[in-house]
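S.K.: Pasting a structure below so you can have a look.
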Amino acid sequence: MLTDRIDLDDQLYGVFSSSLLLPGEPVRIGSREQLRAELSSRATGGILFTTLQKFGLTKEEREAKSAHSLLSNRLNIIVVVDEAHRGHYDTLDGFALRLREALPKATFLAFTGTPLSEADRDTRKVFGDYIDVYDLTRAVEDGATVRVYHESRLIPLELPPGVDPEAIDTRADEITAGLDEAEQERLRASKTPNLAIEALRRAIEQTMRQATRHNLVRQRSFSDRLVELMNAYRNQHLTAAEILTRLVEMAEEVSTEGDRGRHFTPPLSADELAFYDAVAQNASAVRDLGDDKLAAIARDLVVQVRKSVTTDWTIREDVRARMRTIIKRLLARHGYPPDAAREAIDLVIAQTETFAEDWASGTER
């Protein structure tokens, strides 16, 4: 039984290990070494529970750029995959490829509630046609789930009494114009702290949208942090003075966002910085490769991806699939961790969509 999450592996093993119907006792695989030992030593039988990531290469295999070791050539191995829509499509240099190198003659049986049908991720192409389909209609008829109804509603929004929307806009403009020490003290001492807080929040949002309009990673990061700060204040975890201090600090950080690329040697352009942020989201990639290597990847991505951008690339599946392959190979060539590649590819594609129009028109940033 194969999954791609430890918590799901725990759940499945717990259910099956208590069953009295199985022909043998299930074995929970805790490491790559145990997986290799179990599969290579069994001539028959065995009920194993593990995760897809256990089929990673050893250090020696990675350094030798070799395939995964053959673990079993048996024809009667059945790999039961749960949540099959997630991690089984990287057959270029990912765990899906390593799994099939290790068990080349195994039969695959997949379960998923959301089968994919995309150019580079097609569930039926990987696992074969459907054996059985249990859809929402049958689930409702069986009583396994309730019927879902959708009702459109308009939610009226109102400002607190005494708060003038025009006053908020005016205050936001004033704050955006300057945030020196005197201004900060005046905000903290304000008799209307809620108005000052809302004005500062709006100012940050406005500056953030301008500074990160082509960088989804930073845009999401700033947005999430701002929401967390405001929630902490509304839940009385921060005082008015504390939230103002934190908002001022964030405003200063947002205002210098455009200078981050200058800290690299050579400096990164806005497009390169957006790709750098995409590939630097994974902690293991940052740890293994470091900032300089990730910056080099970002520079190469701009060059290679830009060649693939056409005016209609967002609606042509063949072009998008080719672009994903280009990105995947580039990351593999630079030694990017295979388990982090899919998320990085998705982020690079998403980033590209934000400035592809400028690229197609030849605009430089």
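Just remember, in the structure tokens the first chain shown is A, the second B, etc., residues are 1-based per chain, and ligands are 1-based in the order shown.
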Among segment 6-103 of chain A, which residues carry a DSSP assignment of alpha helix (DSSP H), reported as number ranges by chain?
M.R.: A: 6-17, 32-41, 59-64, 95-102
S.K.: Find the residues around Leu2 of chain A up to 7 Å (only C-alpha atoms counted), leave out those fewer than 4 positions away in its own chain, and share them as number ranges by chain.
M.R.: A: 49-52, 79-82
S.K.: Could you write out that same residue set with C-alpha atoms as a PDB file, in the first residue's frame?
M.R.:
ATOM      1  CA  PHE A  49       2.798  -0.070   3.918  1.00  0.00           C
ATOM      2  CA  THR A  50       5.078   2.789   2.916  1.00  0.00           C
ATOM      3  CA  THR A  51       5.309   6.191   1.237  1.00  0.00           C
ATOM      4  CA  LEU A  52       6.372   7.056  -2.293  1.00  0.00           C
ATOM      5  CA  VAL A  79       1.221  -1.730  -5.739  1.00  0.00           C
ATOM      6  CA  VAL A  80      -1.987  -0.235  -4.332  1.00  0.00           C
ATOM      7  CA  VAL A  81      -1.730   3.557  -4.590  1.00  0.00           C
ATOM      8  CA  ASP A  82      -3.963   5.850  -2.546  1.00  0.00           C
TER       9      ASP A  82
END
S.K.: Give me, as a PyMOL selection string, all polymer residues having an atom no more than 7 Å from Arg32 of chain A, counting only C-alpha atoms and skipping those fewer than 2 positions away in the same chain.
M.R.: chain A and resi 34-36+54-55
S.K.: For the selection you just gave me, I'd like the residues written to a file as an mmCIF file, in the first residue's frame, keeping N, CA, C and O atoms.
M.R.:
data_model
loop_
_atom_site.group_PDB
_atom_site.id
_atom_site.type_symbol
_atom_site.label_atom_id
_atom_site.label_comp_id
_atom_site.auth_asym_id
_atom_site.auth_seq_id
_atom_site.Cartn_x
_atom_site.Cartn_y
_atom_site.Cartn_z
ATOM 1 N N GLN A 34 15.001 -0.201 5.096
ATOM 2 C CA GLN A 34 14.078 -1.292 5.405
ATOM 3 C C GLN A 34 13.274 -1.691 4.172
ATOM 4 O O GLN A 34 13.042 -2.879 3.925
ATOM 5 N N LEU A 35 12.860 -0.700 3.380
ATOM 6 C CA LEU A 35 12.098 -0.982 2.166
ATOM 7 C C LEU A 35 12.908 -1.856 1.213
ATOM 8 O O LEU A 35 12.414 -2.856 0.686
ATOM 9 N N ARG A 36 14.157 -1.485 1.009
ATOM 10 C CA ARG A 36 15.002 -2.245 0.080
ATOM 11 C C ARG A 36 15.245 -3.663 0.598
ATOM 12 O O ARG A 36 15.247 -4.626 -0.182
ATOM 13 N N LYS A 54 9.969 6.896 -0.061
ATOM 14 C CA LYS A 54 10.950 5.874 0.327
ATOM 15 C C LYS A 54 11.670 5.294 -0.889
ATOM 16 O O LYS A 54 12.681 4.607 -0.751
ATOM 17 N N PHE A 55 11.150 5.562 -2.079
ATOM 18 C CA PHE A 55 11.789 5.063 -3.294
ATOM 19 C C PHE A 55 12.806 6.066 -3.842
ATOM 20 O O PHE A 55 13.092 6.081 -5.034
#
S.K.: DSSP says strand (DSSP E or B) for which residues of segment 69-297 of chain A? Put them as a PyMOL selection string?
M.R.: chain A and resi 78-81+107-110+117+122
S.K.: Extract, using only C-alpha atoms, all DNA, RNA and protein residues at most 10 Å from Ser72 of chain A, discarding same-chain residues fewer than 4 positions from it, and format them as a ChimeraX atom specification.
M.R.: /A:36,38-43,77,101-106
S.K.: Output the selection as a PDB file, in the first residue's frame - N, CA, C and O atoms for each residue.
M.R.:
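Wrote it out as part-v1.pdb, contents follow:
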ATOM      1  N   ARG A  36      14.157  -1.485   1.009  1.00  0.00           N
ATOM      2  CA  ARG A  36      15.002  -2.245   0.080  1.00  0.00           C
ATOM      3  C   ARG A  36      15.245  -3.663   0.598  1.00  0.00           C
ATOM      4  O   ARG A  36      15.247  -4.626  -0.182  1.00  0.00           O
ATOM      5  N   GLU A  38      13.267  -5.451   2.645  1.00  0.00           N
ATOM      6  CA  GLU A  38      12.035  -6.235   2.596  1.00  0.00           C
ATOM      7  C   GLU A  38      11.730  -6.711   1.174  1.00  0.00           C
ATOM      8  O   GLU A  38      11.418  -7.880   0.945  1.00  0.00           O
ATOM      9  N   LEU A  39      11.807  -5.802   0.214  1.00  0.00           N
ATOM     10  CA  LEU A  39      11.424  -6.152  -1.152  1.00  0.00           C
ATOM     11  C   LEU A  39      12.449  -7.058  -1.829  1.00  0.00           C
ATOM     12  O   LEU A  39      12.090  -7.947  -2.607  1.00  0.00           O
ATOM     13  N   SER A  40      13.711  -6.841  -1.557  1.00  0.00           N
ATOM     14  CA  SER A  40      14.744  -7.636  -2.231  1.00  0.00           C
ATOM     15  C   SER A  40      14.888  -9.035  -1.640  1.00  0.00           C
ATOM     16  O   SER A  40      15.423  -9.932  -2.291  1.00  0.00           O
ATOM     17  N   SER A  41      14.389  -9.231  -0.411  1.00  0.00           N
ATOM     18  CA  SER A  41      14.578 -10.532   0.241  1.00  0.00           C
ATOM     19  C   SER A  41      13.349 -11.435   0.160  1.00  0.00           C
ATOM     20  O   SER A  41      13.423 -12.612   0.494  1.00  0.00           O
ATOM     21  N   ARG A  42      12.215 -10.893  -0.288  1.00  0.00           N
ATOM     22  CA  ARG A  42      10.986 -11.691  -0.321  1.00  0.00           C
ATOM     23  C   ARG A  42      10.827 -12.386  -1.667  1.00  0.00           C
ATOM     24  O   ARG A  42      10.869 -11.748  -2.718  1.00  0.00           O
ATOM     25  N   ALA A  43      10.593 -13.681  -1.608  1.00  0.00           N
ATOM     26  CA  ALA A  43      10.325 -14.443  -2.828  1.00  0.00           C
ATOM     27  C   ALA A  43       8.835 -14.559  -3.091  1.00  0.00           C
ATOM     28  O   ALA A  43       8.405 -14.805  -4.222  1.00  0.00           O
ATOM     29  N   ILE A  77       3.615  -8.796  -7.758  1.00  0.00           N
ATOM     30  CA  ILE A  77       3.588  -7.666  -6.829  1.00  0.00           C
ATOM     31  C   ILE A  77       2.500  -6.691  -7.281  1.00  0.00           C
ATOM     32  O   ILE A  77       2.457  -6.288  -8.447  1.00  0.00           O
ATOM     33  N   GLU A 101      11.508   1.750 -11.603  1.00  0.00           N
ATOM     34  CA  GLU A 101      12.825   1.136 -11.772  1.00  0.00           C
ATOM     35  C   GLU A 101      13.034   0.025 -10.741  1.00  0.00           C
ATOM     36  O   GLU A 101      13.636  -1.009 -11.047  1.00  0.00           O
ATOM     37  N   ALA A 102      12.531   0.252  -9.529  1.00  0.00           N
ATOM     38  CA  ALA A 102      12.711  -0.729  -8.458  1.00  0.00           C
ATOM     39  C   ALA A 102      11.817  -1.950  -8.643  1.00  0.00           C
ATOM     40  O   ALA A 102      12.209  -3.074  -8.318  1.00  0.00           O
ATOM     41  N   LEU A 103      10.597  -1.727  -9.177  1.00  0.00           N
ATOM     42  CA  LEU A 103       9.622  -2.813  -9.338  1.00  0.00           C
ATOM     43  C   LEU A 103       9.095  -2.806 -10.773  1.00  0.00           C
ATOM     44  O   LEU A 103       7.933  -2.470 -11.027  1.00  0.00           O
ATOM     45  N   PRO A 104       9.912  -3.181 -11.735  1.00  0.00           N
ATOM     46  CA  PRO A 104       9.544  -3.006 -13.149  1.00  0.00           C
ATOM     47  C   PRO A 104       8.384  -3.868 -13.621  1.00  0.00           C
ATOM     48  O   PRO A 104       7.734  -3.543 -14.617  1.00  0.00           O
ATOM     49  N   LYS A 105       8.090  -4.965 -12.934  1.00  0.00           N
ATOM     50  CA  LYS A 105       7.036  -5.871 -13.399  1.00  0.00           C
ATOM     51  C   LYS A 105       5.805  -5.858 -12.494  1.00  0.00           C
ATOM     52  O   LYS A 105       4.926  -6.708 -12.617  1.00  0.00           O
ATOM     53  N   ALA A 106       5.744  -4.881 -11.603  1.00  0.00           N
ATOM     54  CA  ALA A 106       4.609  -4.803 -10.676  1.00  0.00           C
ATOM     55  C   ALA A 106       3.352  -4.331 -11.398  1.00  0.00           C
ATOM     56  O   ALA A 106       3.406  -3.665 -12.433  1.00  0.00           O
TER      57      ALA A 106
END
